[in-house]
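Trainee: This structure is in structure tokens; I'll ask about it shortly.
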Amino acid sequence: MVHIFNSPAELGASLGQTFGPTEWLVVDQDRINKFADATGDRQWIHVDPERAKTGPFGSTIAHGFLTLSLTNLFLPELIEVHGISMGLNYGLNKIRFPAIVPAGSRIRAKSELISVENLAGGAIQSIFRITVEVEGGTKPACVAEAISMWYPA
């Protein structure tokens with residue numbers, strides 16, 4: 001369920017809080033192929049199911065950067081900041097891919113608010129640590145710190 005902040009100023013009160021998890025999302029071969037087409041990363045471990053059956057993972061796997069890009073889908077499912085004129089993706093910190101995402105598996109995310117900083121002009125910068133898990137997995141597929149800037153209305 002999405003957590004709603006009525007203004008960027010409310011973020012500070014939730015420092016250290018965890019949000020989520022999101023609903024499950026299937027990462028199927030079609031999504032992997034489309035990401036490969038968009039990025040030009042057509043390595044066989046991603047796009048050749050027959051060859052991948054005999055490879056190190058037993059099937060094709062999602063690109064790490066596909067998993068990372070899906071954090072941009074998940075974060076708005078976890079939090080909404082209202083009372084803003086604009087939200088801006090500023091960057092990412094400490095990105096890791098501890099586990100693979102096999103084609104056809106389901107993933108979901110949770111986030112933890114780890115930093116809130118006041119900026120000039122009343123803007124707020126937040127850092128959410130987003131953790132993407134694979135259903136049935138023992139390690140996360142991706143952990144990244146998403147930096148956002150929120151400008152008041």
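Every chain in the structure tokens takes a letter, A first, then B, and so on in the order presented; its residues are numbered from 1, and the ligands are numbered from 1 following the presented order.
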Just asking: which residues within chain A are alpha helix (DSSP H) according to DSSP, as an mmCIF file with N, CA and C atoms, in the first residue's frame?

Mentor:
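File out.cif, as written:
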data_model
loop_
_atom_site.group_PDB
_atom_site.id
_atom_site.type_symbol
_atom_site.label_atom_id
_atom_site.label_comp_id
_atom_site.auth_asym_id
_atom_site.auth_seq_id
_atom_site.Cartn_x
_atom_site.Cartn_y
_atom_site.Cartn_z
ATOM 1 N N GLN A 29 10.346 -13.311 -20.289
ATOM 2 C CA GLN A 29 11.336 -13.221 -21.365
ATOM 3 C C GLN A 29 11.047 -12.055 -22.301
ATOM 4 N N ASP A 30 9.785 -11.761 -22.526
ATOM 5 C CA ASP A 30 9.439 -10.637 -23.395
ATOM 6 C C ASP A 30 9.977 -9.317 -22.835
ATOM 7 N N ARG A 31 9.822 -9.090 -21.541
ATOM 8 C CA ARG A 31 10.337 -7.863 -20.912
ATOM 9 C C ARG A 31 11.865 -7.820 -21.030
ATOM 10 N N ILE A 32 12.508 -8.958 -20.805
ATOM 11 C CA ILE A 32 13.972 -9.039 -20.904
ATOM 12 C C ILE A 32 14.417 -8.730 -22.332
ATOM 13 N N ASN A 33 13.731 -9.314 -23.318
ATOM 14 C CA ASN A 33 14.087 -9.071 -24.722
ATOM 15 C C ASN A 33 13.915 -7.602 -25.105
ATOM 16 N N LYS A 34 12.841 -6.992 -24.640
ATOM 17 C CA LYS A 34 12.611 -5.579 -24.956
ATOM 18 C C LYS A 34 13.689 -4.698 -24.317
ATOM 19 N N PHE A 35 14.107 -5.036 -23.113
ATOM 20 C CA PHE A 35 15.188 -4.278 -22.474
ATOM 21 C C PHE A 35 16.482 -4.471 -23.265
ATOM 22 N N ALA A 36 16.737 -5.693 -23.711
ATOM 23 C CA ALA A 36 17.924 -5.963 -24.527
ATOM 24 C C ALA A 36 17.894 -5.136 -25.809
ATOM 25 N N ASP A 37 16.736 -5.064 -26.443
ATOM 26 C CA ASP A 37 16.595 -4.269 -27.664
ATOM 27 C C ASP A 37 16.831 -2.785 -27.389
ATOM 28 N N ALA A 38 16.293 -2.304 -26.281
ATOM 29 C CA ALA A 38 16.420 -0.876 -25.958
ATOM 30 C C ALA A 38 17.850 -0.487 -25.616
ATOM 31 N N THR A 39 18.603 -1.399 -25.011
ATOM 32 C CA THR A 39 19.949 -1.064 -24.538
ATOM 33 C C THR A 39 21.068 -1.608 -25.406
ATOM 34 N N TRP A 44 23.867 -13.594 -24.543
ATOM 35 C CA TRP A 44 23.069 -14.826 -24.604
ATOM 36 C C TRP A 44 22.448 -15.208 -23.264
ATOM 37 N N ILE A 45 23.054 -14.869 -22.149
ATOM 38 C CA ILE A 45 22.462 -15.235 -20.858
ATOM 39 C C ILE A 45 21.134 -14.507 -20.625
ATOM 40 N N HIS A 46 20.884 -13.486 -21.435
ATOM 41 C CA HIS A 46 19.625 -12.741 -21.332
ATOM 42 C C HIS A 46 18.619 -13.132 -22.415
ATOM 43 N N VAL A 47 19.088 -13.402 -23.632
ATOM 44 C CA VAL A 47 18.148 -13.498 -24.762
ATOM 45 C C VAL A 47 18.130 -14.840 -25.501
ATOM 46 N N PRO A 49 17.251 -18.469 -24.730
ATOM 47 C CA PRO A 49 16.779 -19.474 -23.780
ATOM 48 C C PRO A 49 17.382 -20.859 -23.989
ATOM 49 N N GLU A 50 17.585 -21.275 -25.222
ATOM 50 C CA GLU A 50 18.140 -22.611 -25.478
ATOM 51 C C GLU A 50 19.581 -22.711 -24.979
ATOM 52 N N ARG A 51 20.400 -21.767 -25.306
ATOM 53 C CA ARG A 51 21.790 -21.783 -24.844
ATOM 54 C C ARG A 51 21.859 -21.605 -23.321
ATOM 55 N N ALA A 52 20.996 -20.747 -22.802
ATOM 56 C CA ALA A 52 21.017 -20.465 -21.366
ATOM 57 C C ALA A 52 20.653 -21.686 -20.526
ATOM 58 N N LYS A 53 19.888 -22.632 -21.088
ATOM 59 C CA LYS A 53 19.543 -23.856 -20.345
ATOM 60 C C LYS A 53 20.793 -24.600 -19.892
ATOM 61 N N GLY A 64 20.901 -6.930 -14.859
ATOM 62 C CA GLY A 64 20.922 -6.207 -13.593
ATOM 63 C C GLY A 64 20.332 -4.822 -13.750
ATOM 64 N N PHE A 65 20.643 -4.170 -14.867
ATOM 65 C CA PHE A 65 20.130 -2.818 -15.071
ATOM 66 C C PHE A 65 18.624 -2.800 -15.368
ATOM 67 N N LEU A 66 18.081 -3.907 -15.870
ATOM 68 C CA LEU A 66 16.622 -3.999 -15.982
ATOM 69 C C LEU A 66 16.014 -4.019 -14.587
ATOM 70 N N THR A 67 16.572 -4.843 -13.718
ATOM 71 C CA THR A 67 16.078 -4.902 -12.339
ATOM 72 C C THR A 67 16.190 -3.536 -11.683
ATOM 73 N N LEU A 68 17.323 -2.869 -11.875
ATOM 74 C CA LEU A 68 17.511 -1.527 -11.322
ATOM 75 C C LEU A 68 16.469 -0.560 -11.878
ATOM 76 N N SER A 69 16.219 -0.607 -13.177
ATOM 77 C CA SER A 69 15.265 0.331 -13.780
ATOM 78 C C SER A 69 13.857 0.122 -13.231
ATOM 79 N N THR A 71 13.096 -0.285 -10.248
ATOM 80 C CA THR A 71 12.924 0.451 -8.990
ATOM 81 C C THR A 71 12.160 1.741 -9.250
ATOM 82 N N ASN A 72 12.281 2.286 -10.446
ATOM 83 C CA ASN A 72 11.540 3.493 -10.812
ATOM 84 C C ASN A 72 10.054 3.206 -10.986
ATOM 85 N N LEU A 73 9.709 1.972 -11.270
ATOM 86 C CA LEU A 73 8.309 1.539 -11.301
ATOM 87 C C LEU A 73 7.804 1.309 -9.875
ATOM 88 N N PHE A 74 8.645 0.709 -9.047
ATOM 89 C CA PHE A 74 8.235 0.335 -7.694
ATOM 90 C C PHE A 74 8.112 1.520 -6.737
ATOM 91 N N LEU A 75 9.025 2.476 -6.799
ATOM 92 C CA LEU A 75 9.018 3.540 -5.790
ATOM 93 C C LEU A 75 7.685 4.289 -5.719
ATOM 94 N N PRO A 76 7.063 4.662 -6.842
ATOM 95 C CA PRO A 76 5.745 5.325 -6.740
ATOM 96 C C PRO A 76 4.641 4.417 -6.197
ATOM 97 N N GLU A 77 4.852 3.098 -6.200
ATOM 98 C CA GLU A 77 3.903 2.188 -5.576
ATOM 99 C C GLU A 77 4.093 2.156 -4.059
ATOM 100 N N LEU A 78 5.232 2.650 -3.602
ATOM 101 C CA LEU A 78 5.552 2.635 -2.175
ATOM 102 C C LEU A 78 5.277 3.969 -1.494
#

Trainee: For Arg106 (chain A), find every residue with an atom within 10 Å (counting only C-alpha atoms), except residues of its own chain fewer than 2 positions away, and show them as a PDB file with C-alpha atoms, in the first residue's frame.

Mentor:
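Final output, out.pdb:
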ATOM      1  CA  GLU A  23       2.804  -6.247  -5.398  1.00  0.00           C
ATOM      2  CA  TRP A  24       4.709  -8.974  -7.254  1.00  0.00           C
ATOM      3  CA  LEU A  25       5.799  -8.308 -10.841  1.00  0.00           C
ATOM      4  CA  VAL A  26       6.632 -11.090 -13.313  1.00  0.00           C
ATOM      5  CA  VAL A  27       9.870 -10.534 -15.195  1.00  0.00           C
ATOM      6  CA  ASP A  28       9.187 -12.580 -18.307  1.00  0.00           C
ATOM      7  CA  VAL A 101      16.442 -12.688 -11.581  1.00  0.00           C
ATOM      8  CA  PRO A 102      15.644 -15.785 -13.669  1.00  0.00           C
ATOM      9  CA  ALA A 103      13.253 -15.236 -16.574  1.00  0.00           C
ATOM     10  CA  GLY A 104       9.686 -15.867 -15.463  1.00  0.00           C
ATOM     11  CA  ARG A 108       8.807  -6.972  -5.587  1.00  0.00           C
ATOM     12  CA  GLU A 133      13.570  -9.383  -3.840  1.00  0.00           C
ATOM     13  CA  VAL A 134      12.964 -12.461  -5.970  1.00  0.00           C
ATOM     14  CA  GLU A 135      10.147 -14.692  -4.821  1.00  0.00           C
ATOM     15  CA  GLY A 136      11.681 -17.661  -3.006  1.00  0.00           C
TER      16      GLY A 136
END

Trainee: Interatomic distance between CA of Ile147 (chain A) and CA of Asp41 (chain A)?

Mentor: 25.9 Å

Trainee: Can you work out the spacing between CA of Ala99 (chain A) and CA of Cys142 (chain A) in Å, to one decimal?

Mentor: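 Answer for the CA of Ala99 (chain A) to CA of Cys142 (chain A) separation: 7.3 Å.
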
Trainee: How close does each residue of region 55-110 of chain A get to region 3-15 of chain A, giving the shortest atom pair and distance in Å to one decimal for every residue with an atom at most 9 Å away, counting only C-alpha atoms, sorted by chain and residue number, as a tab-separated table?

Mentor:
residue	atom	partner	partner_atom	distance
A:Glu77	CA	A:His3	CA	8.4
A:Leu78	CA	A:His3	CA	6.0
A:Ile79	CA	A:His3	CA	4.7
A:Glu80	CA	A:Ile4	CA	4.8
A:Val81	CA	A:Phe5	CA	4.8
A:His82	CA	A:Asn6	CA	4.8
A:Gly83	CA	A:Ser7	CA	4.7
A:Ile84	CA	A:Ser7	CA	6.7

Trainee: Could you work out how far CA of Ile95 (chain A) lies from CA of Glu112 (chain A), giving the answer in Å with one decimal?

Mentor: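 Between these atoms lies a distance of 14.6 Å.
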